[in-house]
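J.: Got a file for you: structure_21.pdb, PDB, C-alpha atoms and all ligand atoms.
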ATOM      1  CA  MET A 205     120.074 -10.891  15.798
ATOM      2  CA  PRO A 206     117.380  -8.303  16.607
ATOM      3  CA  ARG A 207     117.302  -6.744  20.071
ATOM      4  CA  ASP A 208     115.607  -9.196  22.445
ATOM      5  CA  ASP A 209     113.597  -6.343  23.882
ATOM      6  CA  ALA A 210     112.455  -4.805  20.564
ATOM      7  CA  ALA A 211     108.804  -5.347  21.496
ATOM      8  CA  LEU A 212     109.386  -3.361  24.677
ATOM      9  CA  LEU A 213     111.088  -0.339  23.104
ATOM     10  CA  PHE A 214     107.829   1.479  22.429
ATOM     11  CA  ALA A 215     105.681  -0.319  25.026
ATOM     12  CA  GLY A 216     102.839   1.933  26.155
ATOM     13  CA  THR A 217     103.591   4.652  23.589
ATOM     14  CA  SER A 218     101.341   3.717  20.665
ATOM     15  CA  GLN A 219      98.418   6.030  21.494
ATOM     16  CA  ALA A 220     100.741   9.004  22.069
ATOM     17  CA  TYR A 221     102.554   8.064  18.862
ATOM     18  CA  VAL A 222      99.286   8.162  16.897
ATOM     19  CA  THR A 223      98.155  11.422  18.492
ATOM     20  CA  TYR A 224     101.332  13.472  18.660
ATOM     21  CA  ARG A 225     104.052  12.180  16.319
ATOM     22  CA  PRO A 226     104.104  13.947  12.989
ATOM     23  CA  GLY A 227     103.800  11.871   9.857
ATOM     24  CA  TYR A 228     105.701  12.512   6.655
ATOM     25  CA  PRO A 229     104.750  14.959   3.898
ATOM     26  CA  MET A 230     102.593  13.418   1.175
ATOM     27  CA  ALA A 231     105.039  14.876  -1.365
ATOM     28  CA  LEU A 232     107.615  12.397  -0.044
ATOM     29  CA  PHE A 233     105.386   9.422  -0.887
ATOM     30  CA  ASP A 234     104.488  10.906  -4.284
ATOM     31  CA  HIS A 235     108.180  11.227  -4.999
ATOM     32  CA  MET A 236     108.910   7.677  -3.864
ATOM     33  CA  ALA A 237     106.098   6.306  -6.020
ATOM     34  CA  ALA A 238     107.422   8.217  -9.040
ATOM     35  CA  GLN A 239     111.088   7.305  -8.489
ATOM     36  CA  LEU A 240     110.325   3.619  -7.996
ATOM     37  CA  ALA A 241     107.632   3.575 -10.693
ATOM     38  CA  PHE A 242     104.921   2.110  -8.449
ATOM     39  CA  THR A 243     102.155   0.302 -10.337
ATOM     40  CA  PRO A 244      99.028  -1.503  -9.064
ATOM     41  CA  GLU A 245     101.212  -4.661  -9.007
ATOM     42  CA  THR A 246     103.946  -3.166  -6.812
ATOM     43  CA  ARG A 247     104.331  -4.953  -3.485
ATOM     44  CA  VAL A 248     106.303  -3.146  -0.779
ATOM     45  CA  ALA A 249     107.081  -3.890   2.852
ATOM     46  CA  ASP A 250     106.958  -1.312   5.636
ATOM     47  CA  LEU A 251     109.404  -2.719   8.206
ATOM     48  CA  GLY A 252     108.940  -1.315  11.706
ATOM     49  CA  CYS A 253     105.595   0.105  10.613
ATOM     50  CA  GLY A 254     104.640   1.403  14.079
ATOM     51  CA  PRO A 255     101.037   2.636  14.055
ATOM     52  CA  GLY A 256     100.963   2.769  10.245
ATOM     53  CA  THR A 257     102.530   6.210   9.792
ATOM     54  CA  ALA A 258     103.979   5.320   6.389
ATOM     55  CA  THR A 259     101.851   2.213   5.782
ATOM     56  CA  ILE A 260      98.677   4.072   4.823
ATOM     57  CA  PRO A 261     100.271   6.516   2.340
ATOM     58  CA  LEU A 262     102.208   3.584   0.852
ATOM     59  CA  ALA A 263      99.019   1.540   0.477
ATOM     60  CA  GLU A 264      97.414   4.497  -1.309
ATOM     61  CA  ARG A 265     100.167   4.401  -3.932
ATOM     62  CA  ALA A 266     101.326   0.763  -4.249
ATOM     63  CA  GLY A 267      99.454  -2.424  -5.065
ATOM     64  CA  THR A 268      99.947  -4.160  -1.704
ATOM     65  CA  VAL A 269     101.849  -3.382   1.480
ATOM     66  CA  LEU A 270     103.201  -5.849   3.984
ATOM     67  CA  ALA A 271     103.373  -4.023   7.341
ATOM     68  CA  LEU A 272     105.559  -5.572  10.027
ATOM     69  CA  ASP A 273     106.373  -4.659  13.627
ATOM     70  CA  PRO A 274     107.535  -6.599  16.711
ATOM     71  CA  ASN A 275     105.343  -4.472  19.017
ATOM     72  CA  SER A 276     101.774  -5.777  19.107
ATOM     73  CA  GLU A 277     100.295  -2.491  20.422
ATOM     74  CA  MET A 278     101.812  -0.686  17.448
ATOM     75  CA  LEU A 279     100.546  -3.330  15.056
ATOM     76  CA  HIS A 280      97.064  -3.054  16.566
ATOM     77  CA  ALA A 281      97.153   0.732  16.051
ATOM     78  CA  ALA A 282      98.278   0.185  12.445
ATOM     79  CA  ARG A 283      95.367  -2.204  11.820
ATOM     80  CA  GLU A 284      92.970   0.411  13.231
ATOM     81  CA  ALA A 285      94.506   3.096  11.008
ATOM     82  CA  ALA A 286      94.094   0.851   7.948
ATOM     83  CA  GLN A 287      90.461   0.225   8.860
ATOM     84  CA  ARG A 288      89.790   3.952   9.367
ATOM     85  CA  ALA A 289      91.398   4.700   5.999
ATOM     86  CA  GLY A 290      89.434   1.892   4.339
ATOM     87  CA  MET A 291      92.595   0.281   2.959
ATOM     88  CA  GLY A 292      92.112  -3.396   2.138
ATOM     89  CA  ASN A 293      95.517  -3.940   0.512
ATOM     90  CA  ILE A 294      97.636  -4.176   3.668
ATOM     91  CA  GLU A 295      98.868  -7.454   5.195
ATOM     92  CA  PHE A 296     100.157  -7.387   8.749
ATOM     93  CA  ARG A 297     102.946  -9.453  10.280
ATOM     94  CA  HIS A 298     104.066  -9.525  13.888
ATOM     95  CA  GLY A 299     107.834  -9.806  14.153
ATOM     96  CA  HIS A 300     111.276  -8.415  13.487
ATOM     97  CA  ALA A 301     112.621  -7.219  10.144
ATOM     98  CA  GLU A 302     115.501  -9.665  10.643
ATOM     99  CA  HIS A 303     113.014 -12.556  10.448
ATOM    100  CA  LEU A 304     111.280 -11.476   7.247
ATOM    101  CA  PRO A 305     112.413 -14.535   5.240
ATOM    102  CA  GLU A 306     110.606 -16.841   7.690
ATOM    103  CA  MET A 307     107.336 -14.935   7.420
ATOM    104  CA  ASP A 308     105.793 -16.062   4.188
ATOM    105  CA  ALA A 309     106.072 -12.485   2.943
ATOM    106  CA  GLY A 310     105.612 -13.291  -0.753
ATOM    107  CA  PRO A 311     107.673 -11.593  -3.452
ATOM    108  CA  LEU A 312     108.557  -8.050  -2.399
ATOM    109  CA  GLU A 313     109.762  -5.352  -4.756
ATOM    110  CA  HIS A 314     110.902  -2.650  -2.301
ATOM    111  CA  VAL A 315     111.156  -2.182   1.452
ATOM    112  CA  VAL A 316     110.674   0.972   3.509
ATOM    113  CA  PHE A 317     111.993   1.719   7.002
ATOM    114  CA  GLY A 318     110.322   4.740   8.636
ATOM    115  CA  ARG A 319     112.489   5.814  11.593
ATOM    116  CA  SER A 320     113.118   2.120  12.253
ATOM    117  CA  PHE A 321     116.320   1.034  10.452
ATOM    118  CA  HIS A 322     118.450   2.086  13.457
ATOM    119  CA  TRP A 323     116.591  -0.405  15.662
ATOM    120  CA  THR A 324     117.564  -3.354  13.484
ATOM    121  CA  ASP A 325     120.752  -5.330  13.034
ATOM    122  CA  ARG A 326     121.418  -3.191   9.970
ATOM    123  CA  ALA A 327     124.163  -5.175   8.201
ATOM    124  CA  ALA A 328     122.296  -8.468   8.666
ATOM    125  CA  VAL A 329     119.060  -6.895   7.415
ATOM    126  CA  VAL A 330     120.746  -5.474   4.293
ATOM    127  CA  ALA A 331     122.344  -8.872   3.535
ATOM    128  CA  MET A 332     118.958 -10.541   3.965
ATOM    129  CA  LEU A 333     117.318  -7.971   1.650
ATOM    130  CA  ASP A 334     120.064  -8.459  -0.926
ATOM    131  CA  ALA A 335     118.991 -12.100  -1.121
ATOM    132  CA  LEU A 336     115.266 -11.265  -1.080
ATOM    133  CA  LEU A 337     114.741  -8.256  -3.360
ATOM    134  CA  PRO A 338     114.778  -8.324  -7.176
ATOM    135  CA  PRO A 339     117.699  -6.618  -8.987
ATOM    136  CA  HIS A 340     115.829  -3.297  -9.243
ATOM    137  CA  GLY A 341     114.520  -3.471  -5.641
ATOM    138  CA  ALA A 342     115.136  -0.521  -3.328
ATOM    139  CA  ILE A 343     115.694  -0.064   0.380
ATOM    140  CA  VAL A 344     114.089   3.242   1.368
ATOM    141  CA  LEU A 345     114.873   4.995   4.643
ATOM    142  CA  LEU A 346     112.633   7.758   5.996
ATOM    143  CA  GLY A 347     113.751   9.931   8.875
ATOM    144  CA  PRO A 348     114.659  13.366  10.112
ATOM    145  CA  GLY A 349     116.109  15.671   7.491
ATOM    146  CA  ARG A 350     118.880  18.251   7.444
ATOM    147  CA  SER A 351     118.760  22.044   7.251
ATOM    148  CA  GLU A 352     120.369  24.007   4.392
ATOM    149  CA  LYS A 353     123.485  24.207   6.581
ATOM    150  CA  GLY A 354     123.616  20.416   6.844
ATOM    151  CA  ALA A 355     122.579  20.134  10.505
ATOM    152  CA  TRP A 356     120.126  17.375  11.418
ATOM    153  CA  HIS A 357     116.608  18.529  12.116
ATOM    154  CA  ARG A 358     116.148  19.192  15.816
ATOM    155  CA  TRP A 359     113.220  20.627  17.673
ATOM    156  CA  PRO A 360     113.960  23.985  19.347
ATOM    157  CA  TRP A 361     113.146  22.491  22.764
ATOM    158  CA  ASP A 362     115.341  19.364  22.409
ATOM    159  CA  GLU A 363     118.257  20.635  24.480
ATOM    160  CA  ALA A 364     116.075  21.934  27.339
ATOM    161  CA  ILE A 365     114.210  18.613  27.493
ATOM    162  CA  ARG A 366     117.375  16.543  27.289
ATOM    163  CA  GLU A 367     118.642  18.208  30.467
ATOM    164  CA  VAL A 368     115.406  17.474  32.311
ATOM    165  CA  ARG A 369     115.293  13.883  31.059
ATOM    166  CA  GLU A 370     118.875  13.257  32.127
ATOM    167  CA  SER A 371     118.133  14.633  35.585
ATOM    168  CA  PHE A 372     115.464  11.897  35.919
ATOM    169  CA  LEU A 373     117.005   8.987  33.986
ATOM    170  CA  GLY A 374     120.736   9.663  33.849
ATOM    171  CA  PRO A 375     122.938  10.586  30.888
ATOM    172  CA  GLU A 376     122.590   7.387  28.854
ATOM    173  CA  ARG A 377     119.760   7.289  26.349
ATOM    174  CA  ARG A 378     117.339   4.614  27.556
ATOM    175  CA  ALA A 379     115.838   2.076  25.172
ATOM    176  CA  GLY A 380     113.840  -1.040  26.048
ATOM    177  CA  THR A 381     115.563  -2.778  28.941
ATOM    178  CA  GLY A 382     118.919  -1.150  28.134
ATOM    179  CA  THR A 383     120.350   1.907  26.446
ATOM    180  CA  TYR A 384     120.936   3.166  22.912
ATOM    181  CA  SER A 385     123.777   5.172  21.433
ATOM    182  CA  HIS A 386     123.966   6.261  17.823
ATOM    183  CA  PRO A 387     126.089   3.803  15.832
ATOM    184  CA  GLU A 388     129.420   5.041  14.517
ATOM    185  CA  THR A 389     128.750   3.736  11.017
ATOM    186  CA  GLY A 390     126.153   5.805   9.175
ATOM    187  CA  HIS A 391     123.130   4.180   7.528
ATOM    188  CA  GLU A 392     124.387   4.968   4.040
ATOM    189  CA  GLN A 393     127.740   3.291   4.693
ATOM    190  CA  VAL A 394     125.904   0.166   5.841
ATOM    191  CA  LEU A 395     123.724   0.204   2.715
ATOM    192  CA  GLU A 396     126.710   0.714   0.453
ATOM    193  CA  ALA A 397     128.756  -2.026   2.141
ATOM    194  CA  GLY A 398     125.800  -4.375   1.664
ATOM    195  CA  GLY A 399     125.694  -3.749  -2.100
ATOM    196  CA  PHE A 400     123.034  -1.007  -2.202
ATOM    197  CA  GLY A 401     125.496   1.673  -3.310
ATOM    198  CA  TRP A 402     123.339   3.656  -5.723
ATOM    199  CA  ILE A 403     121.994   6.134  -3.204
ATOM    200  CA  GLU A 404     119.691   9.083  -3.769
ATOM    201  CA  ARG A 405     118.755  11.578  -1.057
ATOM    202  CA  TYR A 406     115.732  13.824  -0.934
ATOM    203  CA  GLY A 407     114.750  16.476   1.616
ATOM    204  CA  PHE A 408     111.269  17.793   2.371
ATOM    205  CA  THR A 409     110.289  20.793   4.497
ATOM    206  CA  GLU A 410     106.912  21.446   6.059
ATOM    207  CA  HIS A 411     105.897  24.438   8.166
ATOM    208  CA  VAL A 412     104.182  23.241  11.310
ATOM    209  CA  GLU A 413     102.826  24.906  14.425
ATOM    210  CA  TYR A 414     102.932  23.039  17.747
ATOM    211  CA  ASP A 415     101.544  24.076  21.120
ATOM    212  CA  LEU A 416     103.012  23.160  24.489
ATOM    213  CA  GLU A 417     100.571  20.267  24.989
ATOM    214  CA  ARG A 418     101.805  18.673  21.786
ATOM    215  CA  VAL A 419     105.409  19.071  22.874
ATOM    216  CA  LEU A 420     104.526  17.237  26.115
ATOM    217  CA  GLY A 421     102.580  14.592  24.194
ATOM    218  CA  LEU A 422     105.561  13.967  21.930
ATOM    219  CA  GLN A 423     107.660  12.995  24.959
ATOM    220  CA  ARG A 424     105.165  10.201  25.658
ATOM    221  CA  SER A 425     105.769   8.796  22.177
ATOM    222  CA  TYR A 426     109.549   8.375  22.391
ATOM    223  CA  SER A 427     111.247   5.120  23.375
ATOM    224  CA  HIS A 428     113.758   7.127  25.459
ATOM    225  CA  SER A 429     111.095   8.905  27.521
ATOM    226  CA  ALA A 430     108.274   6.330  27.632
ATOM    227  CA  GLU A 431     106.226   6.539  30.823
ATOM    228  CA  ARG A 432     107.267   3.091  32.084
ATOM    229  CA  LEU A 433     110.899   4.274  32.447
ATOM    230  CA  PHE A 434     110.028   6.847  35.126
ATOM    231  CA  SER A 435     108.991   4.608  38.061
ATOM    232  CA  GLY A 436     105.788   6.501  38.894
ATOM    233  CA  ARG A 437     107.330   9.994  38.482
ATOM    234  CA  TYR A 438     105.945  10.729  35.016
ATOM    235  CA  ASP A 439     103.652  13.617  36.014
ATOM    236  CA  GLU A 440     106.574  15.201  37.832
ATOM    237  CA  TYR A 441     108.729  14.736  34.724
ATOM    238  CA  LEU A 442     106.149  16.312  32.403
ATOM    239  CA  GLU A 443     105.743  19.302  34.745
ATOM    240  CA  ALA A 444     109.524  19.791  34.721
ATOM    241  CA  VAL A 445     109.489  19.541  30.905
ATOM    242  CA  ARG A 446     106.673  22.102  30.725
ATOM    243  CA  ALA A 447     108.678  24.558  32.862
ATOM    244  CA  ALA A 448     111.920  23.976  30.903
ATOM    245  CA  VAL A 449     110.326  24.381  27.477
ATOM    246  CA  THR A 450     108.484  27.533  28.565
ATOM    247  CA  ALA A 451     111.721  28.997  29.940
ATOM    248  CA  ALA A 452     113.708  28.119  26.801
ATOM    249  CA  CYS A 453     111.175  28.759  24.011
ATOM    250  CA  GLY A 454     108.314  30.732  25.580
ATOM    251  CA  PRO A 455     104.735  29.534  26.097
ATOM    252  CA  GLY A 456     104.111  28.765  22.420
ATOM    253  CA  PRO A 457     102.648  28.168  19.952
ATOM    254  CA  TYR A 458     105.914  27.338  18.182
ATOM    255  CA  ARG A 459     106.315  27.745  14.419
ATOM    256  CA  ILE A 460     108.845  25.315  13.019
ATOM    257  CA  ASP A 461     110.259  24.181   9.701
ATOM    258  CA  LYS A 462     110.004  20.407  10.059
ATOM    259  CA  ARG A 463     112.477  18.578   7.849
ATOM    260  CA  ASP A 464     112.206  14.978   6.703
ATOM    261  CA  SER A 465     114.523  12.957   4.546
ATOM    262  CA  MET A 466     114.154  10.035   2.175
ATOM    263  CA  VAL A 467     117.105   7.883   1.132
ATOM    264  CA  ILE A 468     116.537   5.505  -1.770
ATOM    265  CA  ALA A 469     119.251   2.867  -2.020
ATOM    266  CA  ARG A 470     119.501   0.475  -4.938
ATOM    267  CA  ARG A 471     122.164  -1.794  -6.292
ATOM    268  CA  PRO A 472     124.288  -0.207  -9.007
ATOM    269  CA  GLN A 473     123.112  -1.681 -12.311
ATOM    270  CA  ARG A 474     125.653  -3.412 -14.508
ATOM    271  CA  HIS A 475     125.657  -3.055 -18.249
ATOM    272  CA  PRO A 476     125.572  -6.632 -19.598
ATOM    273  CA  ASP A 477     128.751  -6.051 -21.712
ATOM    274  CA  SER A 478     130.757  -4.210 -19.089
ATOM    275  CA  ASP A 479     132.328  -4.828 -15.711
ATOM    276  CA  ALA A 480     131.832  -1.246 -14.631
ATOM    277  CA  PRO A 481     128.741  -0.610 -12.541
ATOM    278  CA  GLU A 482     126.511   2.134 -13.819
ATOM    279  CA  HIS A 483     123.339   3.720 -12.603
ATOM    280  CA  PRO A 484     120.432   3.467 -15.026
TER     281      PRO A 484
HETATM  282  C1  LIG B   1     110.025   5.158  15.770
HETATM  283  S1  LIG B   1     108.929   3.844  15.382
HETATM  284  C2  LIG B   1     108.585   4.168  13.669
HETATM  285  C3  LIG B   1     107.154   3.928  13.274
HETATM  286  C4  LIG B   1     106.803   4.333  11.841
HETATM  287  N1  LIG B   1     107.501   3.506  10.877
HETATM  288  C5  LIG B   1     107.127   5.788  11.572
HETATM  289  O1  LIG B   1     107.741   6.064  10.535
HETATM  290  O2  LIG B   1     106.721   6.645  12.348
HETATM  291  C6  LIG B   1     110.033   2.476  15.265
HETATM  292  C7  LIG B   1     109.321   1.143  15.125
HETATM  293  O3  LIG B   1     110.301   0.140  14.843
HETATM  294  C8  LIG B   1     109.910  -1.032  15.507
HETATM  295  N2  LIG B   1     111.076  -1.941  15.649
HETATM  296  C9  LIG B   1     111.985  -2.036  16.639
HETATM  297  N3  LIG B   1     112.867  -3.030  16.384
HETATM  298  C10 LIG B   1     112.513  -3.561  15.188
HETATM  299  C11 LIG B   1     113.017  -4.648  14.399
HETATM  300  N4  LIG B   1     114.089  -5.339  14.754
HETATM  301  N5  LIG B   1     112.383  -4.932  13.242
HETATM  302  C12 LIG B   1     111.293  -4.232  12.838
HETATM  303  N6  LIG B   1     110.776  -3.199  13.555
HETATM  304  C13 LIG B   1     111.375  -2.874  14.717
HETATM  305  C14 LIG B   1     109.341  -0.537  16.837
HETATM  306  O4  LIG B   1     108.511  -1.493  17.465
HETATM  307  C15 LIG B   1     108.595   0.710  16.395
HETATM  308  O5  LIG B   1     107.245   0.466  16.125
END
Could you express the structure from this file as structure tokens?
T.:
Amino acid sequence: MPRDDAALLFAGTSQAYVTYRPGYPMALFDHMAAQLAFTPETRVADLGCGPGTATIPLAERAGTVLALDPNSEMLHAAREAAQRAGMGNIEFRHGHAEHLPEMDAGPLEHVVFGRSFHWTDRAAVVAMLDALLPPHGAIVLLGPGRSEKGAWHRWPWDEAIREVRESFLGPERRAGTGTYSHPETGHEQVLEAGGFGWIERYGFTEHVEYDLERVLGLQRSYSHSAERLFSGRYDEYLEAVRAAVTAACGPGPYRIDKRDSMVIARRPQRHPDSDAPEHP
């Protein structure tokens, strides 16, 4: 079952998300299109599309995109983004990834989760996709990448802001009406256990420069620091964040290597005359 409060997770954040959240490098989408051999007939779904961050670049490379999200503000922002980009090959659905089979989605070849897989009932979603996707169909996960040393991408101000946030909201990471903690089982283990064990990983690095206002704006876009969680103390929170980031990282601008990752998971292909799975 999806979280009951999935529509609330990002309530009130869509405009900040559009304005301040970084998208993904275009090289990532070029690589996806090449790896999955997109053609004008390719139909992909962007599950948890948010304001269309990945939807638009996908629609520029595939035949059609089905964009789905349980949050109507996000979906509205995605529709606006599609209109601005002049993309007529996107269909929108309001709902949870878990309910895709009930949504008259048509035949899908691949599905993409951009920073959204962790919000779903992952094992149930993979089982559902195993029934829905063709044998060559891929589940693609986009998210933060790792450095050369293997550490997950983090912003230089993350630790300073975490301390401030916890002083306002407590130590548990807030999400929707409850909390969120990172699951013990990694995404790739879930994919593999669900039959999508042919896994390829790609990393992308972009040099970006952020100023302090953007760092503050980013906080507005996160489910764990959405304005509605702060009971009228949001300005106070942002001022405390401003002071903490300035103390920890200086007044900016901040030059950062932003790292993104793409995981492409497919089912191992079987040779018709052999029991042993092999990758094509
Ligand atoms: C961090 S945003 C990602 C938006 C965009 N895909 C991106 O890459 O920036 C996560 C999105 O997942 C959506 N979401 C939460 N639970 C979901 C579920 N069960 N099924 C589909 N989407 C869900 C949220 O509403 C939100 O728009």
J.: Fewer than 5 positions away in the same chain doesn't count, so skip those; otherwise give me all residues within 9 Å of A:Gly267, counting all atoms listed in the file, as JSON, numbers by chain.
T.: {"A": [242, 243, 244, 245, 246, 247, 248, 262, 293]}
J.: My list of candidates is A:Glu363, A:Asp477, A:Asp273, A:Glu264. Which is closest to ligand LIG 1 (chain B) when distances are computed with all atoms listed in the file?
T.: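 Nearest candidate to ligand LIG 1 (chain B) out of A:Glu363, A:Asp477, A:Asp273, A:Glu264: A:Asp273.
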J.: Give the answer as one residue: which of A:Ile294, A:Ala430, A:Val445, A:Ala249 has the shortest atom-to-atom distance to A:Ala379, using all atoms listed in the file?
T.: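 Distance minimum relative to A:Ala379 lands on A:Ala430.
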J.: Between atom C10 of ligand LIG 1 (chain B) and atom CA of A:Val316, measure the distance and give it in Å to one decimal.
T.: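 So the two atoms, atom C10 of ligand LIG 1 (chain B) and atom CA of A:Val316, lie 12.7 Å apart.
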J.: What's the 8 Å shell around A:Ser276, counting all atoms listed in the file, without same-chain residues fewer than 4 positions away, as a list of chain:residue names?
T.: A:Ala211, A:His280, A:His298
J.: At a cut-off of 6 Å and counting all atoms listed in the file, what residues surround ligand LIG 1 (chain B)? Please answer as a compact mmCIF listing (two decimals) with C-alpha atoms, in the frame of the given file.
T.:
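As written to disk, pocket_31.txt reads:
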# COMPACT_ATOMS: atom_id res chain seq x y z
CA PRO A 206 117.38 -8.30 16.61
CA ALA A 210 112.46 -4.80 20.56
CA ALA A 211 108.80 -5.35 21.50
CA PHE A 214 107.83 1.48 22.43
CA LEU A 251 109.40 -2.72 8.21
CA GLY A 252 108.94 -1.32 11.71
CA CYS A 253 105.60 0.10 10.61
CA GLY A 254 104.64 1.40 14.08
CA THR A 257 102.53 6.21 9.79
CA ALA A 258 103.98 5.32 6.39
CA ASP A 273 106.37 -4.66 13.63
CA PRO A 274 107.54 -6.60 16.71
CA ASN A 275 105.34 -4.47 19.02
CA MET A 278 101.81 -0.69 17.45
CA HIS A 300 111.28 -8.41 13.49
CA ALA A 301 112.62 -7.22 10.14
CA GLY A 318 110.32 4.74 8.64
CA ARG A 319 112.49 5.81 11.59
CA SER A 320 113.12 2.12 12.25
CA TRP A 323 116.59 -0.40 15.66
CA THR A 324 117.56 -3.35 13.48
J.: Compute the distance from (97.2, 8.3, 19.3) to each atom, counting all atoms listed in the file, keep the residues with any atom at most 12 Å away, and return them as JSON, numbers by chain; use the coordinates of the file.
T.: {"A": [216, 217, 218, 219, 220, 221, 222, 223, 224, 225, 226, 254, 255, 256, 257, 277, 278, 280, 281, 282, 284, 285, 418, 421, 422, 424, 425]}
J.: Evaluated on this file, the PyMOL selection byres (((chain A and resi 368-372) around 12) and not hetatm) picks out some residues - which ones are they, written as a PyMOL selection string?
T.: chain A and resi 361-367+373-378+423+426+428-431+433-449
J.: Kindly indicate which residue among A:Ala355, A:Leu336, A:Leu420, A:Ile343 lies nearest to A:Gly401, using only C-alpha atoms for the distances.
T.: A:Ile343
J.: At a cut-off of 7 Å, using only C-alpha atoms, what residues contact stretch 386-400 of chain A? Leave out same-chain residues fewer than 2 positions from it and give the result as an MDAnalysis selection string.
T.: chainID A and resid 326:327 330:331 384 402 469:472
J.: For A:Val344, list every protein, DNA or RNA residue within 8 Å, evaluated using all atoms listed in the file, and leave out those in the same chain fewer than 3 positions away; present the list as JSON, numbers by chain.
T.: {"A": [314, 315, 316, 317, 466, 467, 468, 469]}
J.: Pick the closest to A:Ala286 from A:Gly299, A:Gly341, A:Gly310, A:Pro261: which is it, counting only C-alpha atoms?
T.: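 Nearest candidate to A:Ala286 out of A:Gly299, A:Gly341, A:Gly310, A:Pro261: A:Pro261.
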J.: Separation of atom CA of A:Met291 and atom CA of A:Pro348, in Å?
T.: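 Computed distance, atom CA of A:Met291 to atom CA of A:Pro348, equals 26.6 Å.
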